[in-house]
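Student: Below you will find the structure I want to go over with you.
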Amino acid sequence: MLLRKFKRTLLIAVIATAALASGCASFGDRTSPQFDEARNAWLAADYERALPLMRAEAQEGNPDAQYALGYMYFNGQGVEPDLDEAMEWIRRAAEQGHRPALEALTQLAAIGARKPTTAEDRPQEPEDDATGS
């Protein structure tokens with residue numbers, strides 16, 4: 001139990017450090033009005049408003065949004081914390097060469113976090129989703 005709590009605390013520190021080092025608030029050049037609105041809501045800590053907008057952008061394939069959505073799932077910003085869902089979105093961004101996502105996956109792997117490997121391991125996508133370096 002103590003080891004699990006330590007790993008969780010370390011994981012939070014690693015993600016927070018990676019996000020700060022990569023400038024999570026300064027996203028790449030893949031902008032759209034919806035992404036700008038999502039980013040502004042996230043920066044204002046209005047996660048309820050940011051979440052559906054960020055999810056819609058992430059589902060459209062925006063790696064900045066995918067990484068940010070993973071970050072939100074990891075930290076429980078507008079959602080319950082969900083490591084598997086966070087890893088899935090961060091992995092999607094990393095597959096597109098998103099540098100902060102690649103760094104985050106490397107750091108997560110170093111402390112033993114795993115990515116979902118099968119459909120059964122992954123959380124189901126919400127049915128009522130507001131479909132959105």
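Following the order of the structure tokens, chains are lettered A, B, ..., residues in each are numbered from 1, and ligands are numbered from 1.
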Do a neighbour search on stretch 70-77 of chain A at 7 Å with only C-alpha atoms, toss out local chain neighbours closer than 4 positions, and write the hits as JSON, numbers by chain.
Tutor: {"A": [47, 66, 81, 82, 83, 85, 86, 87, 89, 90]}
Student: Just C-alpha atoms for this one: save the residues we selected as a PDB file, in the first residue's frame.
Tutor:
ATOM      1  CA  TYR A  47     -12.181  21.772 -16.641  1.00  0.00           C
ATOM      2  CA  GLN A  66      -4.545  14.211 -27.075  1.00  0.00           C
ATOM      3  CA  PRO A  81      -8.358  10.175 -12.402  1.00  0.00           C
ATOM      4  CA  ASP A  82      -7.879   7.254 -14.791  1.00  0.00           C
ATOM      5  CA  LEU A  83      -4.329   6.082 -15.509  1.00  0.00           C
ATOM      6  CA  GLU A  85      -7.314   6.450 -20.163  1.00  0.00           C
ATOM      7  CA  ALA A  86      -4.500   8.941 -19.568  1.00  0.00           C
ATOM      8  CA  MET A  87      -1.947   6.506 -20.984  1.00  0.00           C
ATOM      9  CA  TRP A  89      -4.412   9.519 -24.974  1.00  0.00           C
ATOM     10  CA  ILE A  90      -0.752  10.248 -24.253  1.00  0.00           C
TER      11      ILE A  90
END
Student: Name all residues at most 10 Å from A:Ala58 (count only C-alpha atoms; drop same-chain ones fewer than 2 positions away) and give them as a PDB file with N, CA and C atoms, in the first residue's frame.
Tutor:
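Generated output (out.pdb):
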ATOM      1  N   PHE A  35     -10.053  24.339 -30.313  1.00  0.00           N
ATOM      2  CA  PHE A  35      -8.892  24.020 -29.493  1.00  0.00           C
ATOM      3  C   PHE A  35      -8.480  25.229 -28.662  1.00  0.00           C
ATOM      4  N   PRO A  52     -14.986  18.497 -22.749  1.00  0.00           N
ATOM      5  CA  PRO A  52     -15.611  18.055 -24.006  1.00  0.00           C
ATOM      6  C   PRO A  52     -14.964  18.677 -25.244  1.00  0.00           C
ATOM      7  N   LEU A  53     -14.498  19.908 -25.121  1.00  0.00           N
ATOM      8  CA  LEU A  53     -13.835  20.557 -26.248  1.00  0.00           C
ATOM      9  C   LEU A  53     -12.494  19.886 -26.549  1.00  0.00           C
ATOM     10  N   MET A  54     -11.742  19.594 -25.493  1.00  0.00           N
ATOM     11  CA  MET A  54     -10.446  18.949 -25.660  1.00  0.00           C
ATOM     12  C   MET A  54     -10.628  17.533 -26.204  1.00  0.00           C
ATOM     13  N   ARG A  55     -11.646  16.836 -25.708  1.00  0.00           N
ATOM     14  CA  ARG A  55     -11.914  15.477 -26.184  1.00  0.00           C
ATOM     15  C   ARG A  55     -12.261  15.486 -27.680  1.00  0.00           C
ATOM     16  N   ALA A  56     -13.072  16.452 -28.090  1.00  0.00           N
ATOM     17  CA  ALA A  56     -13.448  16.535 -29.498  1.00  0.00           C
ATOM     18  C   ALA A  56     -12.212  16.760 -30.370  1.00  0.00           C
ATOM     19  N   GLU A  60     -10.318  14.153 -33.103  1.00  0.00           N
ATOM     20  CA  GLU A  60     -10.031  14.577 -34.475  1.00  0.00           C
ATOM     21  C   GLU A  60      -8.564  14.329 -34.830  1.00  0.00           C
ATOM     22  N   GLY A  61      -7.767  13.933 -33.841  1.00  0.00           N
ATOM     23  CA  GLY A  61      -6.371  13.593 -34.108  1.00  0.00           C
ATOM     24  C   GLY A  61      -5.358  14.664 -33.756  1.00  0.00           C
ATOM     25  N   ASN A  62      -5.768  15.720 -33.082  1.00  0.00           N
ATOM     26  CA  ASN A  62      -4.847  16.781 -32.682  1.00  0.00           C
ATOM     27  C   ASN A  62      -3.952  16.260 -31.556  1.00  0.00           C
ATOM     28  N   PRO A  63      -2.633  16.082 -31.795  1.00  0.00           N
ATOM     29  CA  PRO A  63      -1.773  15.512 -30.758  1.00  0.00           C
ATOM     30  C   PRO A  63      -1.621  16.408 -29.530  1.00  0.00           C
ATOM     31  N   ASP A  64      -1.703  17.722 -29.706  1.00  0.00           N
ATOM     32  CA  ASP A  64      -1.655  18.606 -28.535  1.00  0.00           C
ATOM     33  C   ASP A  64      -2.875  18.356 -27.640  1.00  0.00           C
ATOM     34  N   ALA A  65      -4.034  18.207 -28.264  1.00  0.00           N
ATOM     35  CA  ALA A  65      -5.264  17.931 -27.511  1.00  0.00           C
ATOM     36  C   ALA A  65      -5.211  16.535 -26.890  1.00  0.00           C
ATOM     37  N   GLN A  66      -4.658  15.571 -27.617  1.00  0.00           N
ATOM     38  CA  GLN A  66      -4.545  14.211 -27.075  1.00  0.00           C
ATOM     39  C   GLN A  66      -3.671  14.207 -25.830  1.00  0.00           C
ATOM     40  N   TYR A  67      -2.546  14.897 -25.898  1.00  0.00           N
ATOM     41  CA  TYR A  67      -1.657  14.969 -24.738  1.00  0.00           C
ATOM     42  C   TYR A  67      -2.347  15.696 -23.579  1.00  0.00           C
ATOM     43  N   ALA A  68      -2.994  16.817 -23.887  1.00  0.00           N
ATOM     44  CA  ALA A  68      -3.679  17.581 -22.840  1.00  0.00           C
ATOM     45  C   ALA A  68      -4.807  16.765 -22.217  1.00  0.00           C
ATOM     46  N   LEU A  69      -5.545  16.020 -23.039  1.00  0.00           N
ATOM     47  CA  LEU A  69      -6.628  15.180 -22.511  1.00  0.00           C
ATOM     48  C   LEU A  69      -6.058  14.084 -21.613  1.00  0.00           C
ATOM     49  N   GLY A  70      -4.954  13.479 -22.035  1.00  0.00           N
ATOM     50  CA  GLY A  70      -4.293  12.497 -21.185  1.00  0.00           C
ATOM     51  C   GLY A  70      -3.869  13.096 -19.860  1.00  0.00           C
ATOM     52  N   TRP A  89      -4.461   8.249 -24.249  1.00  0.00           N
ATOM     53  CA  TRP A  89      -4.412   9.519 -24.974  1.00  0.00           C
ATOM     54  C   TRP A  89      -2.983  10.006 -25.152  1.00  0.00           C
ATOM     55  N   ARG A  92      -1.474   8.028 -27.947  1.00  0.00           N
ATOM     56  CA  ARG A  92      -1.929   8.481 -29.270  1.00  0.00           C
ATOM     57  C   ARG A  92      -1.140   9.702 -29.728  1.00  0.00           C
ATOM     58  N   ALA A  93      -0.894  10.633 -28.803  1.00  0.00           N
ATOM     59  CA  ALA A  93      -0.103  11.821 -29.153  1.00  0.00           C
ATOM     60  C   ALA A  93       1.331  11.417 -29.481  1.00  0.00           C
ATOM     61  N   THR A 131     -17.940  15.221 -29.250  1.00  0.00           N
ATOM     62  CA  THR A 131     -16.920  15.076 -30.262  1.00  0.00           C
ATOM     63  C   THR A 131     -16.297  16.397 -30.719  1.00  0.00           C
ATOM     64  N   GLY A 132     -13.975  16.682 -30.088  1.00  0.00           N
ATOM     65  CA  GLY A 132     -12.738  17.537 -30.271  1.00  0.00           C
ATOM     66  C   GLY A 132     -11.523  17.028 -29.807  1.00  0.00           C
TER      67      GLY A 132
END
Student: Could you pull the residues within 10 Å of A:Asn40, counting only C-alpha atoms, minus those fewer than 5 positions along the same chain, as a PyMOL selection string?
Tutor: chain A and resi 25+34-35+45-46+49-50
Student: Please, could you write that set of residues out with C-alpha atoms as a PDB file, in the first residue's frame?
Tutor:
ATOM      1  CA  ALA A  25       0.109  25.638 -21.542  1.00  0.00           C
ATOM      2  CA  GLN A  34     -12.396  24.937 -30.648  1.00  0.00           C
ATOM      3  CA  PHE A  35      -8.892  24.020 -29.493  1.00  0.00           C
ATOM      4  CA  ALA A  45      -9.082  25.759 -14.584  1.00  0.00           C
ATOM      5  CA  ASP A  46     -12.605  25.495 -16.050  1.00  0.00           C
ATOM      6  CA  ARG A  49     -15.915  23.353 -20.110  1.00  0.00           C
ATOM      7  CA  ALA A  50     -12.466  22.300 -21.340  1.00  0.00           C
TER       8      ALA A  50
END
Student: Atom CA of A:Val79 and atom CA of A:Gly97, how far apart in Å?
Tutor: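 If I compute the distance from atom CA of A:Gly97 to atom CA of A:Val79, I get 25.9 Å.
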Student: Just how far from atom CA of A:Glu48 is atom CA of A:Ser32, in Å to one decimal?
Tutor: 19.3 Å
Student: Would you mind reading off the distance between atom CA of A:Thr31 and atom CA of A:Gln96, one decimal, in Å?
Tutor: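 We find that atom CA of A:Thr31 and atom CA of A:Gln96 lie 15.8 Å from each other.
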